[in-house]
file model_29.txt (compact mmCIF, C-alpha atoms)
# COMPACT_ATOMS: atom_id res chain seq x y z
CA LEU A 1208 -10.55 11.74 -4.62
CA ALA A 1209 -7.62 12.27 -6.98
CA LYS A 1210 -7.28 9.51 -9.53
CA THR A 1211 -3.92 8.47 -10.89
CA THR A 1212 -2.99 6.95 -14.23
CA GLN A 1213 0.29 5.16 -14.81
CA PRO A 1214 1.56 2.68 -17.41
CA ILE A 1215 0.62 -0.92 -16.74
CA SER A 1216 4.12 -2.18 -17.43
CA MET A 1217 7.60 -1.11 -18.48
CA ASP A 1218 10.88 -2.83 -19.06
CA SER A 1219 14.45 -1.66 -19.11
CA TYR A 1220 18.00 -2.95 -18.76
CA GLU A 1221 20.47 -3.02 -15.93
CA GLY A 1222 22.43 0.19 -15.56
CA GLN A 1223 19.81 2.35 -17.28
CA GLU A 1224 17.85 5.19 -15.73
CA VAL A 1225 14.13 4.42 -15.54
CA ASN A 1226 11.42 7.08 -15.46
CA ILE A 1227 7.85 6.16 -14.55
CA THR A 1228 5.27 8.87 -15.11
CA CYS A 1229 2.01 9.21 -13.21
CA SER A 1230 -0.86 11.44 -14.29
CA HIS A 1231 -3.10 13.03 -11.65
CA ASN A 1232 -5.11 15.75 -13.37
CA ASN A 1233 -7.52 16.29 -10.46
CA ILE A 1234 -4.91 16.68 -7.73
CA ALA A 1235 -6.07 18.95 -4.89
CA THR A 1236 -4.13 21.82 -3.38
CA ASN A 1237 -3.31 19.94 -0.19
CA ASP A 1238 -2.49 16.60 -1.85
CA TYR A 1239 0.96 15.06 -1.76
CA ILE A 1240 2.33 12.57 -4.27
CA THR A 1241 3.65 9.33 -2.84
CA TRP A 1242 5.33 6.35 -4.47
CA TYR A 1243 5.53 2.81 -3.13
CA GLN A 1244 7.47 -0.22 -4.34
CA GLN A 1245 6.21 -3.79 -4.04
CA PHE A 1246 8.32 -6.88 -4.60
CA PRO A 1247 6.60 -10.21 -5.30
CA SER A 1248 5.15 -11.83 -2.17
CA GLN A 1249 5.90 -8.75 -0.03
CA GLY A 1250 3.96 -5.77 1.22
CA PRO A 1251 4.49 -2.36 -0.42
CA ARG A 1252 7.33 -0.19 0.78
CA PHE A 1253 7.40 3.62 0.82
CA ILE A 1254 9.94 5.05 -1.63
CA ILE A 1255 9.48 8.79 -1.85
CA GLN A 1256 7.00 11.60 -1.37
CA GLY A 1257 6.80 15.16 -2.62
CA TYR A 1258 4.57 18.19 -3.05
CA LYS A 1259 6.28 20.22 -5.79
CA THR A 1260 9.49 20.58 -7.81
CA LYS A 1261 12.05 17.89 -7.04
CA VAL A 1262 12.70 15.51 -4.19
CA THR A 1263 15.68 13.17 -4.02
CA ASN A 1264 16.68 10.47 -1.58
CA GLU A 1265 19.10 7.57 -1.63
CA VAL A 1266 16.71 5.42 -3.67
CA ALA A 1267 14.99 7.67 -6.21
CA SER A 1268 14.10 11.14 -7.39
CA LEU A 1269 10.63 12.57 -7.82
CA PHE A 1270 9.98 15.32 -10.33
CA ILE A 1271 6.79 17.37 -10.09
CA PRO A 1272 6.05 20.14 -12.61
CA ALA A 1273 4.56 23.45 -11.56
CA ASP A 1274 0.98 22.49 -12.46
CA ARG A 1275 1.33 19.25 -10.42
CA LYS A 1276 -0.89 17.35 -12.85
CA SER A 1277 1.75 14.69 -13.29
CA SER A 1278 4.87 13.39 -11.60
CA THR A 1279 7.83 11.26 -12.62
CA LEU A 1280 9.61 8.72 -10.47
CA SER A 1281 13.22 8.36 -11.58
CA LEU A 1282 15.31 5.33 -10.65
CA PRO A 1283 19.00 5.83 -11.45
CA ARG A 1284 21.12 2.95 -12.75
CA VAL A 1285 18.62 0.18 -12.12
CA SER A 1286 19.58 -3.38 -11.29
CA LEU A 1287 17.71 -6.68 -11.52
CA SER A 1288 16.58 -6.19 -7.92
CA ASP A 1289 14.55 -3.14 -8.94
CA THR A 1290 12.08 -5.43 -10.69
CA ALA A 1291 8.85 -4.69 -8.82
CA VAL A 1292 5.47 -3.00 -9.04
CA TYR A 1293 5.52 0.76 -8.43
CA TYR A 1294 2.43 2.58 -7.17
CA CYS A 1295 1.69 6.29 -7.44
CA LEU A 1296 -0.81 7.70 -4.95
CA VAL A 1297 -2.07 11.19 -4.21
CA GLY A 1298 -3.74 12.45 -1.07
CA PRO A 1299 -3.43 14.86 1.88
CA VAL A 1300 -0.96 14.15 4.64
CA VAL A 1301 -3.40 14.60 7.46
CA ASP A 1302 -7.09 13.85 7.27
CA SER A 1303 -8.56 11.28 9.63
CA ASN A 1304 -11.25 10.18 7.18
CA TYR A 1305 -9.20 10.17 4.00
CA GLN A 1306 -7.91 6.90 2.62
CA LEU A 1307 -5.59 6.52 -0.32
CA ILE A 1308 -6.84 4.72 -3.41
CA TRP A 1309 -4.36 2.18 -4.79
CA GLY A 1310 -4.38 1.60 -8.53
CA ALA A 1311 -2.84 -1.44 -10.25
CA GLY A 1312 0.59 0.21 -10.37
CA THR A 1313 3.35 -0.13 -12.97
CA LYS A 1314 5.07 -3.48 -13.28
CA LEU A 1315 8.74 -2.74 -13.98
CA ILE A 1316 10.89 -5.56 -15.35
CA ILE A 1317 14.64 -5.09 -15.47
CA LYS A 1318 16.53 -7.28 -17.89
CA PRO A 1319 20.22 -8.22 -17.74
CA ASN B 845 11.98 -3.42 16.03
CA ALA B 846 9.94 -6.09 14.25
CA GLY B 847 7.78 -3.47 12.52
CA VAL B 848 4.50 -5.00 11.37
CA THR B 849 3.99 -8.73 11.73
CA GLN B 850 1.13 -10.90 10.50
CA THR B 851 -0.05 -14.33 11.60
CA PRO B 852 -0.45 -16.76 9.89
CA LYS B 853 1.52 -16.51 6.63
CA PHE B 854 -0.61 -19.07 4.80
CA ARG B 855 -4.01 -20.61 5.39
CA VAL B 856 -6.43 -22.84 3.51
CA LEU B 857 -10.09 -22.77 4.55
CA LYS B 858 -13.15 -24.60 3.40
CA THR B 859 -16.21 -22.58 2.46
CA GLY B 860 -18.15 -21.64 5.59
CA GLN B 861 -15.23 -21.93 8.00
CA SER B 862 -14.12 -19.00 10.10
CA MET B 863 -10.72 -17.63 10.98
CA THR B 864 -8.95 -14.64 12.47
CA LEU B 865 -5.87 -12.92 11.06
CA LEU B 866 -3.66 -11.17 13.56
CA CYS B 867 -1.64 -8.04 12.90
CA ALA B 868 0.80 -6.58 15.41
CA GLN B 869 2.94 -3.42 15.25
CA ASP B 870 5.60 -2.18 17.63
CA MET B 871 5.91 1.41 16.35
CA ASN B 872 3.21 2.87 18.60
CA HIS B 873 1.17 3.89 15.54
CA GLU B 874 -2.37 5.13 16.01
CA TYR B 875 -3.59 4.08 12.58
CA MET B 876 -3.88 0.52 11.33
CA TYR B 877 -5.31 -0.95 8.13
CA TRP B 878 -6.35 -4.21 6.54
CA TYR B 879 -6.08 -4.54 2.76
CA ARG B 880 -6.67 -7.32 0.31
CA GLN B 881 -4.79 -7.74 -2.95
CA ASP B 882 -6.01 -9.89 -5.81
CA PRO B 883 -3.76 -10.96 -8.71
CA GLY B 884 -2.69 -8.07 -10.95
CA MET B 885 -4.55 -5.51 -8.88
CA GLY B 886 -3.71 -2.87 -6.39
CA LEU B 887 -4.64 -2.91 -2.72
CA ARG B 888 -8.22 -2.50 -1.62
CA LEU B 889 -8.97 -1.26 1.87
CA ILE B 890 -11.19 -3.56 3.94
CA HIS B 891 -11.31 -1.85 7.34
CA TYR B 892 -9.15 0.58 9.22
CA SER B 893 -8.70 1.92 12.74
CA VAL B 894 -7.81 5.42 13.87
CA GLY B 895 -7.00 4.34 17.42
CA GLU B 896 -7.52 1.76 20.13
CA GLY B 897 -11.15 0.74 20.39
CA THR B 898 -12.17 2.32 17.07
CA THR B 899 -12.75 0.79 13.65
CA ALA B 900 -14.20 1.99 10.37
CA LYS B 901 -15.23 0.48 7.04
CA GLY B 902 -13.08 0.79 3.99
CA GLU B 903 -13.80 0.12 0.34
CA VAL B 904 -14.67 -3.61 0.59
CA PRO B 905 -15.85 -4.40 4.16
CA ASP B 906 -18.55 -6.99 3.47
CA GLY B 907 -17.83 -10.44 4.90
CA TYR B 908 -15.16 -9.17 7.30
CA ASN B 909 -15.10 -7.90 10.86
CA VAL B 910 -12.29 -6.26 12.79
CA SER B 911 -11.35 -5.40 16.34
CA ARG B 912 -8.71 -3.15 17.90
CA LEU B 913 -8.74 -3.96 21.61
CA LYS B 914 -5.08 -3.03 22.05
CA LYS B 915 -3.23 -0.27 20.27
CA GLN B 916 -0.60 -2.60 18.91
CA ASN B 917 -2.98 -5.25 17.55
CA PHE B 918 -5.56 -5.24 14.77
CA LEU B 919 -7.56 -8.40 14.12
CA LEU B 920 -9.38 -9.31 10.91
CA GLY B 921 -12.11 -11.94 11.12
CA LEU B 922 -13.87 -13.96 8.48
CA GLU B 923 -17.04 -15.43 9.99
CA SER B 924 -18.06 -17.62 7.06
CA ALA B 925 -15.37 -17.84 4.41
CA ALA B 926 -16.28 -17.76 0.72
CA PRO B 927 -14.14 -18.57 -2.36
CA SER B 928 -14.36 -14.87 -3.32
CA GLN B 929 -12.27 -14.12 -0.23
CA THR B 930 -9.30 -16.01 -1.64
CA SER B 931 -6.65 -13.30 -1.70
CA VAL B 932 -3.48 -11.98 -0.11
CA TYR B 933 -4.19 -9.89 2.97
CA PHE B 934 -1.88 -7.10 4.08
CA CYS B 935 -1.91 -5.23 7.33
CA ALA B 936 -0.35 -1.79 7.62
CA SER B 937 0.14 0.88 10.23
CA SER B 938 0.99 4.56 10.15
CA TYR B 939 1.59 7.57 12.36
CA GLY B 940 -1.14 9.51 10.57
CA THR B 941 -3.63 8.84 7.82
CA GLY B 942 -3.91 10.08 4.25
CA ALA B 943 -0.49 10.32 2.68
CA TYR B 944 1.43 9.51 5.83
CA GLU B 945 3.90 6.67 5.22
CA GLN B 946 2.32 3.27 5.76
CA TYR B 947 4.36 0.35 7.02
CA PHE B 948 3.22 -3.01 5.71
CA GLY B 949 3.39 -6.53 7.04
CA PRO B 950 4.55 -9.49 4.94
CA GLY B 951 1.03 -10.60 4.06
CA THR B 952 -1.20 -13.63 4.61
CA ARG B 953 -2.07 -15.81 1.63
CA LEU B 954 -5.58 -17.19 2.14
CA THR B 955 -7.20 -19.79 -0.06
CA VAL B 956 -10.87 -20.69 0.36
CA THR B 957 -11.97 -23.89 -1.36
call {"tool": "encode", "arguments": {"input": "model_29.txt", "output": "structure tokens"}}
result
Amino acid sequence: LAKTTQPISMDSYEGQEVNITCSHNNIATNDYITWYQQFPSQGPRFIIQGYKTKVTNEVASLFIPADRKSSTLSLPRVSLSDTAVYYCLVGPVVDSNYQLIWGAGTKLIIKP
Amino acid sequence: NAGVTQTPKFRVLKTGQSMTLLCAQDMNHEYMYWYRQDPGMGLRLIHYSVGEGTTAKGEVPDGYNVSRLKKQNFLLGLESAAPSQTSVYFCASSYGTGAYEQYFGPGTRLTVT
């Protein structure tokens, strides 16, 4: 099972770009990197997923270097509503017996 | 589409009481999960199901039972509640397992006194 390491907490200001890095030194060849966002008193919500290089959607970008031992979630021009916990997970897309391991995530606080 | 719904939203139990949490999804997903989340921690998998009529143990199954009699429903039971089971419980469903996107319900906050 790939283990991930991410900062416990971060803070930033409205309008800034925020980068959250996740380390996954033991990532396997068929593992994908997935990020979820969790607001207080809500269930997690899928943000973005990637395998290598760069993935971008309307919410965030995910940067994955060639060795895939780390990844960076980038949130452009954050607002107060981006205050949440962000989880980085690694695992294969299809394996009936494989279950993702959720760490404590990164608590991101956006200040005005 | 309602997505994933959970019933009830809140519950207070006395030690030794039993209860059932209901999860329903309308996305025709094969896979369903029950997690618990304690303060400041990530999610821990209790039980999961890979299809109607099947269930499997996750990371922390002790003290819980589950059933998946219908594809759209996944029930979590506590036969004899203990204070250590005070937590927020999340249900999720997905098209596939592993890194397939999981869709979560709003959670059930359970307090055992």
call {"tool": "closest_atom_pairs", "arguments": {"input": "model_29.txt", "of": "chain B", "to": "chain A", "cutoff": "12 Å", "atoms": "only C-alpha atoms", "output": "Markdown table"}}
result
| residue | atom | partner | partner_atom | distance |
| --- | --- | --- | --- | --- |
| B:Val848 | CA | A:Gly1250 | CA | 10.2 |
| B:Thr849 | CA | A:Gly1250 | CA | 10.9 |
| B:Gln850 | CA | A:Gly1250 | CA | 11.0 |
| B:Lys853 | CA | A:Ser1248 | CA | 10.6 |
| B:Phe854 | CA | A:Ser1248 | CA | 11.6 |
| B:Glu874 | CA | A:Ser1303 | CA | 10.8 |
| B:Tyr875 | CA | A:Ser1303 | CA | 9.2 |
| B:Met876 | CA | A:Gln1306 | CA | 11.5 |
| B:Tyr877 | CA | A:Gln1306 | CA | 9.9 |
| B:Trp878 | CA | A:Gly1250 | CA | 11.7 |
| B:Tyr879 | CA | A:Gly1250 | CA | 10.2 |
| B:Arg880 | CA | A:Gly1250 | CA | 10.8 |
| B:Gln881 | CA | A:Ala1311 | CA | 9.8 |
| B:Asp882 | CA | A:Ala1311 | CA | 10.1 |
| B:Pro883 | CA | A:Ala1311 | CA | 9.7 |
| B:Gly884 | CA | A:Ala1311 | CA | 6.7 |
| B:Met885 | CA | A:Ala1311 | CA | 4.6 |
| B:Gly886 | CA | A:Ala1311 | CA | 4.2 |
| B:Leu887 | CA | A:Trp1309 | CA | 5.5 |
| B:Arg888 | CA | A:Trp1309 | CA | 6.8 |
| B:Leu889 | CA | A:Ile1308 | CA | 8.3 |
| B:Ile890 | CA | A:Gln1306 | CA | 11.0 |
| B:His891 | CA | A:Gln1306 | CA | 10.5 |
| B:Tyr892 | CA | A:Gln1306 | CA | 9.2 |
| B:Ser893 | CA | A:Ser1303 | CA | 9.9 |
| B:Val894 | CA | A:Ser1303 | CA | 7.3 |
| B:Gly895 | CA | A:Ser1303 | CA | 10.5 |
| B:Thr899 | CA | A:Asn1304 | CA | 11.5 |
| B:Ala900 | CA | A:Asn1304 | CA | 9.3 |
| B:Lys901 | CA | A:Asn1304 | CA | 10.5 |
| B:Gly902 | CA | A:Gln1306 | CA | 8.1 |
| B:Glu903 | CA | A:Ile1308 | CA | 9.1 |
| B:Ser931 | CA | A:Ser1248 | CA | 11.9 |
| B:Val932 | CA | A:Ser1248 | CA | 8.9 |
| B:Tyr933 | CA | A:Gly1250 | CA | 9.3 |
| B:Phe934 | CA | A:Gly1250 | CA | 6.6 |
| B:Cys935 | CA | A:Gly1250 | CA | 8.5 |
| B:Ala936 | CA | A:Gly1250 | CA | 8.7 |
| B:Ser937 | CA | A:Gly1250 | CA | 11.8 |
| B:Ser938 | CA | A:Val1300 | CA | 11.2 |
| B:Tyr939 | CA | A:Val1301 | CA | 9.9 |
| B:Gly940 | CA | A:Val1301 | CA | 6.4 |
| B:Thr941 | CA | A:Val1301 | CA | 5.8 |
| B:Gly942 | CA | A:Val1300 | CA | 5.0 |
| B:Ala943 | CA | A:Val1300 | CA | 4.3 |
| B:Tyr944 | CA | A:Val1300 | CA | 5.4 |
| B:Glu945 | CA | A:Phe1253 | CA | 6.4 |
| B:Gln946 | CA | A:Phe1253 | CA | 7.1 |
| B:Tyr947 | CA | A:Arg1252 | CA | 6.9 |
| B:Phe948 | CA | A:Gly1250 | CA | 5.3 |
| B:Gly949 | CA | A:Gly1250 | CA | 5.9 |
| B:Pro950 | CA | A:Gln1249 | CA | 5.2 |
| B:Gly951 | CA | A:Gly1250 | CA | 6.3 |
| B:Thr952 | CA | A:Ser1248 | CA | 9.5 |
| B:Arg953 | CA | A:Ser1248 | CA | 9.1 |
call {"tool": "atom_distance", "arguments": {"input": "model_29.txt", "atom1": "atom CA of B:Asn917", "atom2": "atom CA of B:Val956"}}
result
24.4 Å
call {"tool": "atom_distance", "arguments": {"input": "model_29.txt", "atom1": "atom CA of A:Ser1281", "atom2": "atom CA of A:Cys1229"}}
result
11.4 Å
call {"tool": "residues_around", "arguments": {"input": "model_29.txt", "residues": "B:Leu919", "least_positions_apart": "2", "cutoff": "9 Å", "atoms": "only C-alpha atoms", "output": "count of residues only"}}
result
13
call {"tool": "residues_around", "arguments": {"input": "model_29.txt", "residues": "A:Lys1259", "least_positions_apart": "5", "cutoff": "8 Å", "atoms": "all atoms listed in the file", "output": "ChimeraX atom specification"}}
result
/A:1270-1273,1275
call {"tool": "write_last_selection", "arguments": {"input": "model_29.txt", "atoms": "C-alpha atoms", "output": "PDB file, keeping the file's coordinate frame"}}
result
ATOM      1  CA  PHE A1270       9.980  15.320 -10.330  1.00  0.00           C
ATOM      2  CA  ILE A1271       6.790  17.370 -10.090  1.00  0.00           C
ATOM      3  CA  PRO A1272       6.050  20.140 -12.610  1.00  0.00           C
ATOM      4  CA  ALA A1273       4.560  23.450 -11.560  1.00  0.00           C
ATOM      5  CA  ARG A1275       1.330  19.250 -10.420  1.00  0.00           C
TER       6      ARG A1275
END
call {"tool": "residues_near_point", "arguments": {"input": "model_29.txt", "point": "(16.2, 3.4, -18.0)", "cutoff": "12 Å", "atoms": "all atoms listed in the file", "output": "list in words"}}
result
Met1217, Asp1218, Ser1219, Tyr1220, Glu1221, Gly1222, Gln1223, Glu1224, Val1225, Asn1226, Ile1227, Leu1280, Ser1281, Leu1282, Pro1283, Arg1284, Val1285, Ser1286, Asp1289, Leu1315, Ile1316, Ile1317 and Lys1318 of chain A
call {"tool": "atom_distance", "arguments": {"input": "model_29.txt", "atom1": "atom CA of A:Thr1236", "atom2": "atom CA of A:Gln1213"}}
result
20.7 Å
call {"tool": "residues_around", "arguments": {"input": "model_29.txt", "residues": "B:Thr955", "least_positions_apart": "5", "cutoff": "8 Å", "atoms": "all atoms listed in the file", "output": "PDB file with C-alpha atoms, in the frame of the given file"}}
result
ATOM      1  CA  ARG B 855      -4.010 -20.610   5.390  1.00  0.00           C
ATOM      2  CA  VAL B 856      -6.430 -22.840   3.510  1.00  0.00           C
ATOM      3  CA  LEU B 857     -10.090 -22.770   4.550  1.00  0.00           C
ATOM      4  CA  PRO B 927     -14.140 -18.570  -2.360  1.00  0.00           C
ATOM      5  CA  GLN B 929     -12.270 -14.120  -0.230  1.00  0.00           C
ATOM      6  CA  THR B 930      -9.300 -16.010  -1.640  1.00  0.00           C
ATOM      7  CA  SER B 931      -6.650 -13.300  -1.700  1.00  0.00           C
TER       8      SER B 931
END
call {"tool": "closest_residue", "arguments": {"input": "model_29.txt", "among": "B:Tyr908, B:Ser928, B:Thr957, B:Glu896", "to": "B:Met863", "atoms": "all atoms listed in the file"}}
result
B:Tyr908
call {"tool": "axis_aligned_box", "arguments": {"input": "model_29.txt", "around": "stretch 1262-1274 of chain A", "padding_each_side": "3 Å", "output": "AutoDock Vina command-line options"}}
result
--center_x 10.0 --center_y 14.4 --center_z -7.1 --size_x 24.1 --size_y 24.0 --size_z 17.0
call {"tool": "build_atoms", "arguments": {"input": "model_29.txt", "residues": "stretch 1211-1232 of chain A", "atoms": "N, CA, C and O atoms", "output": "tab-separated table (two decimals), in the frame of the given file"}}
result
chain	number	residue	atom	x	y	z
A	1211	THR	N	-5.21	8.50	-10.22
A	1211	THR	CA	-3.92	8.47	-10.89
A	1211	THR	C	-3.95	7.50	-12.05
A	1211	THR	O	-4.66	6.50	-12.02
A	1212	THR	N	-3.15	7.81	-13.06
A	1212	THR	CA	-2.99	6.95	-14.23
A	1212	THR	C	-1.51	6.74	-14.46
A	1212	THR	O	-0.75	7.71	-14.56
A	1213	GLN	N	-1.11	5.48	-14.56
A	1213	GLN	CA	0.29	5.16	-14.81
A	1213	GLN	C	0.34	3.96	-15.75
A	1213	GLN	O	-0.62	3.21	-15.87
A	1214	PRO	N	1.46	3.79	-16.46
A	1214	PRO	CA	1.56	2.68	-17.41
A	1214	PRO	C	1.42	1.35	-16.68
A	1214	PRO	O	1.83	1.20	-15.54
A	1215	ILE	N	0.81	0.38	-17.35
A	1215	ILE	CA	0.62	-0.92	-16.74
A	1215	ILE	C	1.95	-1.63	-16.55
A	1215	ILE	O	2.19	-2.28	-15.53
A	1216	SER	N	2.83	-1.50	-17.53
A	1216	SER	CA	4.12	-2.18	-17.43
A	1216	SER	C	5.19	-1.44	-18.21
A	1216	SER	O	4.89	-0.65	-19.12
A	1217	MET	N	6.43	-1.68	-17.81
A	1217	MET	CA	7.60	-1.11	-18.48
A	1217	MET	C	8.72	-2.11	-18.33
A	1217	MET	O	8.76	-2.89	-17.37
A	1218	ASP	N	9.67	-2.06	-19.27
A	1218	ASP	CA	10.88	-2.83	-19.06
A	1218	ASP	C	12.09	-2.01	-19.46
A	1218	ASP	O	12.00	-1.05	-20.21
A	1219	SER	N	13.21	-2.37	-18.86
A	1219	SER	CA	14.45	-1.66	-19.11
A	1219	SER	C	15.60	-2.63	-18.86
A	1219	SER	O	15.38	-3.82	-18.61
A	1220	TYR	N	16.83	-2.12	-18.94
A	1220	TYR	CA	18.00	-2.95	-18.76
A	1220	TYR	C	18.84	-2.46	-17.59
A	1220	TYR	O	18.80	-1.28	-17.22
A	1221	GLU	N	19.58	-3.37	-17.03
A	1221	GLU	CA	20.47	-3.02	-15.93
A	1221	GLU	C	21.35	-1.84	-16.30
A	1221	GLU	O	21.85	-1.74	-17.43
A	1222	GLY	N	21.57	-0.95	-15.35
A	1222	GLY	CA	22.43	0.19	-15.56
A	1222	GLY	C	21.75	1.40	-16.16
A	1222	GLY	O	22.32	2.50	-16.16
A	1223	GLN	N	20.54	1.24	-16.67
A	1223	GLN	CA	19.81	2.35	-17.28
A	1223	GLN	C	19.08	3.17	-16.21
A	1223	GLN	O	18.84	2.70	-15.09
A	1224	GLU	N	18.73	4.38	-16.57
A	1224	GLU	CA	17.85	5.19	-15.73
A	1224	GLU	C	16.41	4.93	-16.18
A	1224	GLU	O	16.12	4.92	-17.38
A	1225	VAL	N	15.53	4.70	-15.22
A	1225	VAL	CA	14.13	4.42	-15.54
A	1225	VAL	C	13.25	5.55	-15.02
A	1225	VAL	O	13.39	5.96	-13.85
A	1226	ASN	N	12.37	6.04	-15.86
A	1226	ASN	CA	11.42	7.08	-15.46
A	1226	ASN	C	10.00	6.56	-15.60
A	1226	ASN	O	9.60	6.12	-16.68
A	1227	ILE	N	9.25	6.59	-14.53
A	1227	ILE	CA	7.85	6.16	-14.55
A	1227	ILE	C	6.99	7.39	-14.30
A	1227	ILE	O	7.13	8.06	-13.26
A	1228	THR	N	6.10	7.68	-15.23
A	1228	THR	CA	5.27	8.87	-15.11
A	1228	THR	C	3.88	8.52	-14.61
A	1228	THR	O	3.30	7.50	-15.00
A	1229	CYS	N	3.35	9.38	-13.77
A	1229	CYS	CA	2.01	9.21	-13.21
A	1229	CYS	C	1.22	10.48	-13.51
A	1229	CYS	O	1.71	11.59	-13.31
A	1230	SER	N	0.01	10.31	-14.00
A	1230	SER	CA	-0.86	11.44	-14.29
A	1230	SER	C	-1.92	11.56	-13.19
A	1230	SER	O	-2.54	10.57	-12.80
A	1231	HIS	N	-2.09	12.79	-12.70
A	1231	HIS	CA	-3.10	13.03	-11.65
A	1231	HIS	C	-3.71	14.39	-11.89
A	1231	HIS	O	-3.45	15.36	-11.16
A	1232	ASN	N	-4.54	14.48	-12.91
A	1232	ASN	CA	-5.11	15.75	-13.37
A	1232	ASN	C	-5.97	16.46	-12.33
A	1232	ASN	O	-6.11	17.67	-12.35
